[in-house]
Every structure is written in structure tokens, then in C-alpha cells.
>>> print(open('entry-v9.txt').read())   # compact mmCIF, N, CA and C atoms
# COMPACT_ATOMS: atom_id res chain seq x y z
N MET A 1 -25.65 36.25 -27.24
CA MET A 1 -25.97 35.61 -25.99
C MET A 1 -26.41 36.68 -24.99
N LYS A 2 -27.49 36.44 -24.32
CA LYS A 2 -28.01 37.37 -23.34
C LYS A 2 -27.81 36.81 -21.93
N ILE A 3 -27.31 37.63 -21.02
CA ILE A 3 -27.08 37.22 -19.63
C ILE A 3 -28.21 37.74 -18.76
N SER A 4 -28.79 36.88 -17.97
CA SER A 4 -29.86 37.26 -17.05
C SER A 4 -29.28 38.05 -15.88
N VAL A 5 -30.03 39.03 -15.40
CA VAL A 5 -29.62 39.81 -14.22
C VAL A 5 -29.33 38.88 -13.05
N ASN A 6 -30.08 37.79 -12.96
CA ASN A 6 -29.89 36.84 -11.86
C ASN A 6 -28.56 36.10 -11.94
N GLU A 7 -27.83 36.23 -13.03
CA GLU A 7 -26.55 35.55 -13.21
C GLU A 7 -25.35 36.49 -13.14
N ILE A 8 -25.57 37.72 -12.74
CA ILE A 8 -24.51 38.72 -12.66
C ILE A 8 -24.05 38.87 -11.22
N GLY A 9 -22.76 38.91 -11.02
CA GLY A 9 -22.21 39.14 -9.68
C GLY A 9 -21.18 40.26 -9.73
N PHE A 10 -21.01 40.94 -8.63
CA PHE A 10 -20.07 42.05 -8.55
C PHE A 10 -19.19 41.91 -7.31
N ASP A 11 -17.99 42.38 -7.43
CA ASP A 11 -17.09 42.53 -6.29
C ASP A 11 -17.36 43.92 -5.71
N PHE A 12 -17.55 44.03 -4.43
CA PHE A 12 -17.81 45.33 -3.82
C PHE A 12 -16.61 46.27 -3.90
N ASP A 13 -15.44 45.74 -3.59
CA ASP A 13 -14.24 46.55 -3.45
C ASP A 13 -13.81 47.16 -4.78
N GLY A 14 -14.05 48.44 -4.96
CA GLY A 14 -13.64 49.15 -6.15
C GLY A 14 -14.61 49.06 -7.31
N VAL A 15 -15.65 48.25 -7.18
CA VAL A 15 -16.65 48.12 -8.23
C VAL A 15 -17.95 48.80 -7.79
N ILE A 16 -18.41 48.49 -6.61
CA ILE A 16 -19.60 49.11 -6.05
C ILE A 16 -19.21 50.14 -4.98
N ALA A 17 -18.28 49.78 -4.13
CA ALA A 17 -17.86 50.64 -3.02
C ALA A 17 -16.43 51.13 -3.25
N ASP A 18 -16.20 52.40 -3.00
CA ASP A 18 -14.88 53.01 -3.20
C ASP A 18 -14.02 52.82 -1.94
N THR A 19 -13.63 51.58 -1.72
CA THR A 19 -12.87 51.21 -0.53
C THR A 19 -11.52 51.93 -0.46
N GLY A 20 -10.89 52.11 -1.59
CA GLY A 20 -9.59 52.78 -1.62
C GLY A 20 -9.64 54.19 -1.09
N GLU A 21 -10.61 54.95 -1.53
CA GLU A 21 -10.75 56.33 -1.04
C GLU A 21 -11.10 56.37 0.43
N ALA A 22 -11.95 55.45 0.88
CA ALA A 22 -12.28 55.39 2.31
C ALA A 22 -11.02 55.08 3.12
N PHE A 23 -10.20 54.17 2.62
CA PHE A 23 -8.95 53.83 3.30
C PHE A 23 -8.03 55.05 3.39
N VAL A 24 -7.83 55.74 2.28
CA VAL A 24 -6.95 56.92 2.25
C VAL A 24 -7.44 57.99 3.22
N GLU A 25 -8.74 58.20 3.27
CA GLU A 25 -9.31 59.20 4.18
C GLU A 25 -9.08 58.80 5.64
N LEU A 26 -9.39 57.56 5.97
CA LEU A 26 -9.21 57.09 7.36
C LEU A 26 -7.76 57.06 7.79
N VAL A 27 -6.88 56.61 6.90
CA VAL A 27 -5.47 56.49 7.26
C VAL A 27 -4.88 57.85 7.61
N CYS A 28 -5.41 58.91 7.01
CA CYS A 28 -4.95 60.26 7.33
C CYS A 28 -5.69 60.83 8.54
N SER A 29 -7.01 60.86 8.46
CA SER A 29 -7.79 61.54 9.50
C SER A 29 -7.71 60.88 10.87
N LYS A 30 -7.60 59.57 10.90
CA LYS A 30 -7.62 58.87 12.18
C LYS A 30 -6.25 58.38 12.63
N TYR A 31 -5.36 58.10 11.67
CA TYR A 31 -4.07 57.49 12.01
C TYR A 31 -2.86 58.36 11.68
N GLY A 32 -3.09 59.52 11.02
CA GLY A 32 -2.03 60.48 10.79
C GLY A 32 -1.08 60.20 9.65
N TYR A 33 -1.36 59.22 8.83
CA TYR A 33 -0.53 58.94 7.65
C TYR A 33 -1.14 59.68 6.45
N CYS A 34 -0.82 60.97 6.36
CA CYS A 34 -1.50 61.82 5.38
C CYS A 34 -0.79 61.92 4.04
N GLY A 35 0.33 61.28 3.87
CA GLY A 35 1.04 61.33 2.60
C GLY A 35 0.61 60.25 1.62
N VAL A 36 -0.41 59.48 1.97
CA VAL A 36 -0.85 58.36 1.13
C VAL A 36 -1.93 58.83 0.17
N SER A 37 -1.79 58.44 -1.09
CA SER A 37 -2.85 58.71 -2.07
C SER A 37 -3.32 57.38 -2.66
N ILE A 38 -4.45 57.43 -3.28
CA ILE A 38 -5.01 56.23 -3.90
C ILE A 38 -4.06 55.70 -4.97
N ASN A 39 -3.29 56.57 -5.60
CA ASN A 39 -2.35 56.15 -6.64
C ASN A 39 -1.17 55.36 -6.09
N ASP A 40 -0.92 55.47 -4.79
CA ASP A 40 0.16 54.71 -4.16
C ASP A 40 -0.19 53.23 -4.03
N ILE A 41 -1.47 52.93 -3.99
CA ILE A 41 -1.92 51.56 -3.75
C ILE A 41 -2.06 50.86 -5.10
N THR A 42 -1.06 50.07 -5.43
CA THR A 42 -1.01 49.41 -6.73
C THR A 42 -1.15 47.90 -6.63
N SER A 43 -1.44 47.40 -5.42
CA SER A 43 -1.55 45.97 -5.19
C SER A 43 -2.55 45.72 -4.06
N PHE A 44 -3.14 44.53 -4.05
CA PHE A 44 -4.02 44.17 -2.94
C PHE A 44 -3.23 44.01 -1.65
N ASP A 45 -1.93 43.82 -1.75
CA ASP A 45 -1.05 43.78 -0.59
C ASP A 45 -0.65 45.21 -0.25
N VAL A 46 -1.57 45.93 0.36
CA VAL A 46 -1.39 47.35 0.62
C VAL A 46 -0.11 47.62 1.40
N GLU A 47 0.24 46.74 2.32
CA GLU A 47 1.44 46.94 3.14
C GLU A 47 2.72 46.95 2.30
N LYS A 48 2.66 46.41 1.09
CA LYS A 48 3.82 46.45 0.19
C LYS A 48 3.89 47.76 -0.59
N CYS A 49 2.81 48.54 -0.55
CA CYS A 49 2.73 49.77 -1.33
C CYS A 49 2.99 51.03 -0.50
N VAL A 50 2.69 50.97 0.79
CA VAL A 50 2.80 52.15 1.63
C VAL A 50 3.56 51.81 2.91
N ASP A 51 4.16 52.82 3.50
CA ASP A 51 4.95 52.61 4.72
C ASP A 51 4.05 52.81 5.95
N ILE A 52 3.16 51.85 6.13
CA ILE A 52 2.22 51.85 7.25
C ILE A 52 2.23 50.45 7.83
N PRO A 53 2.26 50.33 9.15
CA PRO A 53 2.27 48.98 9.75
C PRO A 53 1.07 48.14 9.30
N LYS A 54 1.34 46.87 9.06
CA LYS A 54 0.29 45.96 8.59
C LYS A 54 -0.89 45.91 9.55
N ASN A 55 -0.64 45.94 10.86
CA ASN A 55 -1.75 45.88 11.81
C ASN A 55 -2.64 47.12 11.70
N THR A 56 -2.05 48.28 11.37
CA THR A 56 -2.85 49.50 11.17
C THR A 56 -3.70 49.36 9.91
N ILE A 57 -3.11 48.84 8.85
CA ILE A 57 -3.84 48.63 7.60
C ILE A 57 -5.01 47.67 7.84
N ASN A 58 -4.75 46.58 8.53
CA ASN A 58 -5.82 45.60 8.83
C ASN A 58 -6.92 46.22 9.68
N THR A 59 -6.53 47.03 10.65
CA THR A 59 -7.52 47.70 11.51
C THR A 59 -8.41 48.61 10.69
N ILE A 60 -7.83 49.36 9.78
CA ILE A 60 -8.62 50.28 8.95
C ILE A 60 -9.60 49.51 8.08
N PHE A 61 -9.15 48.46 7.43
CA PHE A 61 -10.07 47.69 6.59
C PHE A 61 -11.16 47.02 7.42
N ARG A 62 -10.84 46.60 8.63
CA ARG A 62 -11.86 46.04 9.52
C ARG A 62 -12.89 47.11 9.89
N GLU A 63 -12.42 48.34 10.17
CA GLU A 63 -13.35 49.44 10.47
C GLU A 63 -14.28 49.71 9.30
N ILE A 64 -13.75 49.68 8.10
CA ILE A 64 -14.57 49.91 6.91
C ILE A 64 -15.62 48.80 6.78
N GLN A 65 -15.25 47.55 7.03
CA GLN A 65 -16.19 46.44 6.95
C GLN A 65 -17.27 46.51 8.02
N GLU A 66 -16.87 46.86 9.24
CA GLU A 66 -17.80 46.83 10.37
C GLU A 66 -18.71 48.05 10.43
N ASP A 67 -18.26 49.19 9.91
CA ASP A 67 -19.08 50.41 9.93
C ASP A 67 -18.83 51.17 8.64
N SER A 68 -19.36 50.64 7.55
CA SER A 68 -19.08 51.22 6.24
C SER A 68 -19.54 52.68 6.14
N VAL A 69 -20.70 53.00 6.65
CA VAL A 69 -21.19 54.38 6.58
C VAL A 69 -20.35 55.29 7.48
N GLY A 70 -20.12 54.87 8.70
CA GLY A 70 -19.34 55.68 9.64
C GLY A 70 -17.89 55.86 9.24
N SER A 71 -17.37 54.92 8.46
CA SER A 71 -15.98 55.01 8.03
C SER A 71 -15.81 55.86 6.78
N GLY A 72 -16.92 56.32 6.22
CA GLY A 72 -16.84 57.18 5.04
C GLY A 72 -16.86 56.44 3.71
N LEU A 73 -17.28 55.20 3.71
CA LEU A 73 -17.35 54.43 2.47
C LEU A 73 -18.48 54.96 1.60
N HIS A 74 -18.15 55.25 0.36
CA HIS A 74 -19.13 55.76 -0.60
C HIS A 74 -19.16 54.86 -1.83
N PRO A 75 -20.26 54.91 -2.57
CA PRO A 75 -20.31 54.11 -3.80
C PRO A 75 -19.38 54.70 -4.87
N VAL A 76 -18.90 53.84 -5.74
CA VAL A 76 -18.14 54.26 -6.91
C VAL A 76 -19.08 55.04 -7.82
N ASP A 77 -18.56 56.07 -8.48
CA ASP A 77 -19.38 56.84 -9.42
C ASP A 77 -20.07 55.91 -10.41
N GLY A 78 -21.37 56.06 -10.53
CA GLY A 78 -22.16 55.27 -11.46
C GLY A 78 -22.71 53.97 -10.90
N ALA A 79 -22.25 53.55 -9.74
CA ALA A 79 -22.70 52.26 -9.18
C ALA A 79 -24.19 52.27 -8.85
N ILE A 80 -24.66 53.33 -8.25
CA ILE A 80 -26.08 53.40 -7.88
C ILE A 80 -26.95 53.37 -9.13
N ASP A 81 -26.56 54.12 -10.16
CA ASP A 81 -27.33 54.12 -11.41
C ASP A 81 -27.34 52.74 -12.06
N ALA A 82 -26.20 52.07 -12.06
CA ALA A 82 -26.11 50.74 -12.66
C ALA A 82 -26.99 49.74 -11.90
N ILE A 83 -26.92 49.77 -10.59
CA ILE A 83 -27.75 48.86 -9.78
C ILE A 83 -29.23 49.17 -9.97
N SER A 84 -29.57 50.45 -10.03
CA SER A 84 -30.96 50.85 -10.25
C SER A 84 -31.48 50.33 -11.59
N THR A 85 -30.65 50.37 -12.61
CA THR A 85 -31.03 49.84 -13.92
C THR A 85 -31.24 48.33 -13.84
N LEU A 86 -30.34 47.64 -13.17
CA LEU A 86 -30.46 46.18 -13.05
C LEU A 86 -31.72 45.78 -12.29
N VAL A 87 -32.08 46.56 -11.27
CA VAL A 87 -33.28 46.25 -10.48
C VAL A 87 -34.53 46.28 -11.36
N LYS A 88 -34.53 47.12 -12.36
CA LYS A 88 -35.67 47.20 -13.27
C LYS A 88 -35.76 45.96 -14.17
N LEU A 89 -34.65 45.23 -14.28
CA LEU A 89 -34.60 44.08 -15.18
C LEU A 89 -34.77 42.74 -14.46
N GLY A 90 -34.65 42.74 -13.15
CA GLY A 90 -34.77 41.48 -12.42
C GLY A 90 -34.40 41.66 -10.95
N LYS A 91 -34.33 40.56 -10.24
CA LYS A 91 -33.97 40.60 -8.83
C LYS A 91 -32.48 40.81 -8.68
N VAL A 92 -32.11 41.70 -7.76
CA VAL A 92 -30.71 41.99 -7.49
C VAL A 92 -30.47 41.72 -6.00
N TYR A 93 -29.44 40.96 -5.71
CA TYR A 93 -29.09 40.64 -4.33
C TYR A 93 -27.73 41.26 -4.02
N LEU A 94 -27.66 41.95 -2.90
CA LEU A 94 -26.39 42.53 -2.47
C LEU A 94 -25.99 41.90 -1.16
>>> encode(input="entry-v9.txt", output="C-alpha cells")
Amino acid sequence: MKISVNEIGFDFDGVIADTGEAFVELVCSKYGYCGVSINDITSFDVEKCVDIPKNTINTIFREIQEDSVGSGLHPVDGAIDAISTLVKLGKVYL
């Protein structure tokens, strides 16, 4: 069975964009919680994984959504190459 490029969908968080690393960088550089690593985050309920107030966590994720480039969000390794390959095969919508 062959799947058309037009029928493929991706989740941005952790698949295309490295949201976890952007979060870890911001939580330290801007909010002073520098003991957090990406390995500490084992659930989508980040507040259950780290000792950081929920409102701070929500603020950071909002900053990443509203200014992805300014917040330091980068693509996951290989994401650009994969998307570039798919573009050669059909229309890709992000």
C-alpha cells in the first residue's frame, strides 16, 4: 500500500520542532530554573515532572508559540531533509 504525500500529517512538538530543548533553554536563561534537562520531562504534564510553577511553564510554552524563532525553537534533526524530500513528491502544508 502506498500513502500519498497529501495524506501525511505531522505533530510539530518533538517531530518537526524541538520544543523540549527550547523549553529547557528558556526556563534557564529567562526564568533561572537551570537544573532542568530534557530527560526530566517524561510526560506532557510538564508541571508533574519539574519543580516549576505551572503558570511559568504555561508562559514559556506561550512564548514559544507566539515567537518561535525568538524563543530559540529549532527543527528536530532531520526534519528539514524529510520535509524537503516530501516536497519533491507532492504538496506539503505546514
>>> residues_around(input="entry-v9.txt", residues="Ile52 in chain A", least_positions_apart="3", cutoff="10 Å", atoms="only C-alpha atoms", output="PyMOL selection string")
chain A and resi 27+31+33+36+46-49+55-57
>>> residues_around(input="entry-v9.txt", residues="Glu21 in chain A", least_positions_apart="2", cutoff="7 Å", atoms="all atoms listed in the file", output="PyMOL selection string")
chain A and resi 18-19+23-26+38+72-73
>>> atom_distance(input="entry-v9.txt", atom1="atom C of Ile8 in chain A", atom2="atom C of Tyr93 in chain A")
8.4 Å
>>> atom_distance(input="entry-v9.txt", atom1="atom N of Val50 in chain A", atom2="CA of Gly35 in chain A")
10.6 Å
>>> residues_around(input="entry-v9.txt", residues="Val92 in chain A", least_positions_apart="2", cutoff="8 Å", atoms="only N, CA and C atoms", output="ChimeraX atom specification")
/A:5-6,83,86-90,94
>>> closest_residue(input="entry-v9.txt", among="A:Gln65, A:Thr85, A:Ser37, A:Thr59", to="Gly20 in chain A", atoms="only N, CA and C atoms")
A:Ser37
>>> atom_distance(input="entry-v9.txt", atom1="CA of Ala17 in chain A", atom2="atom N of Asp77 in chain A")
7.7 Å
>>> select_by_dssp(input="entry-v9.txt", residues="chain A", states="helix (DSSP H, G or I)", output="PyMOL selection string")
chain A and resi 5-7+19-29+38-40+46-48+54-66+79-89
>>> build_atoms(input="entry-v9.txt", residues="range 67-78 of chain A", atoms="all heavy atoms", output="PDB file, in the coordinates of the input")
ATOM      1  N   ASP A  67     -18.260  49.190   9.910  1.00  0.00           N
ATOM      2  CA  ASP A  67     -19.080  50.410   9.930  1.00  0.00           C
ATOM      3  C   ASP A  67     -18.830  51.170   8.640  1.00  0.00           C
ATOM      4  O   ASP A  67     -18.169  52.206   8.627  1.00  0.00           O
ATOM      5  CB  ASP A  67     -18.731  51.267  11.146  1.00  0.00           C
ATOM      6  CG  ASP A  67     -19.619  52.499  11.266  1.00  0.00           C
ATOM      7  OD1 ASP A  67     -20.634  52.594  10.548  1.00  0.00           O
ATOM      8  OD2 ASP A  67     -19.282  53.378  12.080  1.00  0.00           O
ATOM      9  N   SER A  68     -19.360  50.640   7.550  1.00  0.00           N
ATOM     10  CA  SER A  68     -19.080  51.220   6.240  1.00  0.00           C
ATOM     11  C   SER A  68     -19.540  52.680   6.140  1.00  0.00           C
ATOM     12  O   SER A  68     -18.813  53.518   5.619  1.00  0.00           O
ATOM     13  CB  SER A  68     -19.696  50.377   5.136  1.00  0.00           C
ATOM     14  OG  SER A  68     -21.071  50.205   5.337  1.00  0.00           O
ATOM     15  N   VAL A  69     -20.700  53.000   6.650  1.00  0.00           N
ATOM     16  CA  VAL A  69     -21.190  54.380   6.580  1.00  0.00           C
ATOM     17  C   VAL A  69     -20.350  55.290   7.480  1.00  0.00           C
ATOM     18  O   VAL A  69     -19.889  56.347   7.053  1.00  0.00           O
ATOM     19  CB  VAL A  69     -22.686  54.460   6.960  1.00  0.00           C
ATOM     20  CG1 VAL A  69     -23.150  55.901   7.036  1.00  0.00           C
ATOM     21  CG2 VAL A  69     -23.522  53.672   5.961  1.00  0.00           C
ATOM     22  N   GLY A  70     -20.120  54.870   8.700  1.00  0.00           N
ATOM     23  CA  GLY A  70     -19.340  55.680   9.640  1.00  0.00           C
ATOM     24  C   GLY A  70     -17.890  55.860   9.240  1.00  0.00           C
ATOM     25  O   GLY A  70     -17.248  56.835   9.607  1.00  0.00           O
ATOM     26  N   SER A  71     -17.370  54.920   8.460  1.00  0.00           N
ATOM     27  CA  SER A  71     -15.980  55.010   8.030  1.00  0.00           C
ATOM     28  C   SER A  71     -15.810  55.860   6.780  1.00  0.00           C
ATOM     29  O   SER A  71     -14.697  56.090   6.334  1.00  0.00           O
ATOM     30  CB  SER A  71     -15.408  53.613   7.779  1.00  0.00           C
ATOM     31  OG  SER A  71     -16.038  53.019   6.669  1.00  0.00           O
ATOM     32  N   GLY A  72     -16.920  56.320   6.220  1.00  0.00           N
ATOM     33  CA  GLY A  72     -16.840  57.180   5.040  1.00  0.00           C
ATOM     34  C   GLY A  72     -16.860  56.440   3.710  1.00  0.00           C
ATOM     35  O   GLY A  72     -16.509  57.007   2.688  1.00  0.00           O
ATOM     36  N   LEU A  73     -17.280  55.200   3.710  1.00  0.00           N
ATOM     37  CA  LEU A  73     -17.350  54.430   2.470  1.00  0.00           C
ATOM     38  C   LEU A  73     -18.480  54.960   1.600  1.00  0.00           C
ATOM     39  O   LEU A  73     -19.611  55.121   2.065  1.00  0.00           O
ATOM     40  CB  LEU A  73     -17.566  52.955   2.793  1.00  0.00           C
ATOM     41  CG  LEU A  73     -17.518  51.982   1.630  1.00  0.00           C
ATOM     42  CD1 LEU A  73     -16.128  51.969   1.006  1.00  0.00           C
ATOM     43  CD2 LEU A  73     -17.893  50.589   2.099  1.00  0.00           C
ATOM     44  N   HIS A  74     -18.150  55.250   0.360  1.00  0.00           N
ATOM     45  CA  HIS A  74     -19.130  55.760  -0.600  1.00  0.00           C
ATOM     46  C   HIS A  74     -19.160  54.860  -1.830  1.00  0.00           C
ATOM     47  O   HIS A  74     -18.190  54.167  -2.111  1.00  0.00           O
ATOM     48  CB  HIS A  74     -18.760  57.183  -1.046  1.00  0.00           C
ATOM     49  CG  HIS A  74     -18.772  58.169   0.053  1.00  0.00           C
ATOM     50  ND1 HIS A  74     -19.920  58.649   0.612  1.00  0.00           N
ATOM     51  CD2 HIS A  74     -17.754  58.752   0.733  1.00  0.00           C
ATOM     52  CE1 HIS A  74     -19.625  59.507   1.580  1.00  0.00           C
ATOM     53  NE2 HIS A  74     -18.308  59.579   1.677  1.00  0.00           N
ATOM     54  N   PRO A  75     -20.260  54.910  -2.570  1.00  0.00           N
ATOM     55  CA  PRO A  75     -20.310  54.110  -3.800  1.00  0.00           C
ATOM     56  C   PRO A  75     -19.380  54.700  -4.870  1.00  0.00           C
ATOM     57  O   PRO A  75     -19.122  55.896  -4.896  1.00  0.00           O
ATOM     58  CB  PRO A  75     -21.774  54.199  -4.239  1.00  0.00           C
ATOM     59  CG  PRO A  75     -22.357  55.332  -3.493  1.00  0.00           C
ATOM     60  CD  PRO A  75     -21.509  55.594  -2.302  1.00  0.00           C
ATOM     61  N   VAL A  76     -18.900  53.840  -5.740  1.00  0.00           N
ATOM     62  CA  VAL A  76     -18.140  54.260  -6.910  1.00  0.00           C
ATOM     63  C   VAL A  76     -19.080  55.040  -7.820  1.00  0.00           C
ATOM     64  O   VAL A  76     -20.278  54.729  -7.913  1.00  0.00           O
ATOM     65  CB  VAL A  76     -17.580  53.016  -7.638  1.00  0.00           C
ATOM     66  CG1 VAL A  76     -16.987  53.376  -8.977  1.00  0.00           C
ATOM     67  CG2 VAL A  76     -16.574  52.301  -6.765  1.00  0.00           C
ATOM     68  N   ASP A  77     -18.560  56.070  -8.480  1.00  0.00           N
ATOM     69  CA  ASP A  77     -19.380  56.840  -9.420  1.00  0.00           C
ATOM     70  C   ASP A  77     -20.070  55.910 -10.410  1.00  0.00           C
ATOM     71  O   ASP A  77     -19.427  55.060 -11.027  1.00  0.00           O
ATOM     72  CB  ASP A  77     -18.532  57.849 -10.188  1.00  0.00           C
ATOM     73  CG  ASP A  77     -18.061  59.011  -9.335  1.00  0.00           C
ATOM     74  OD1 ASP A  77     -18.659  59.250  -8.268  1.00  0.00           O
ATOM     75  OD2 ASP A  77     -17.090  59.684  -9.743  1.00  0.00           O
ATOM     76  N   GLY A  78     -21.370  56.060 -10.530  1.00  0.00           N
ATOM     77  CA  GLY A  78     -22.160  55.270 -11.460  1.00  0.00           C
ATOM     78  C   GLY A  78     -22.710  53.970 -10.900  1.00  0.00           C
ATOM     79  O   GLY A  78     -23.571  53.346 -11.537  1.00  0.00           O
TER      80      GLY A  78
END
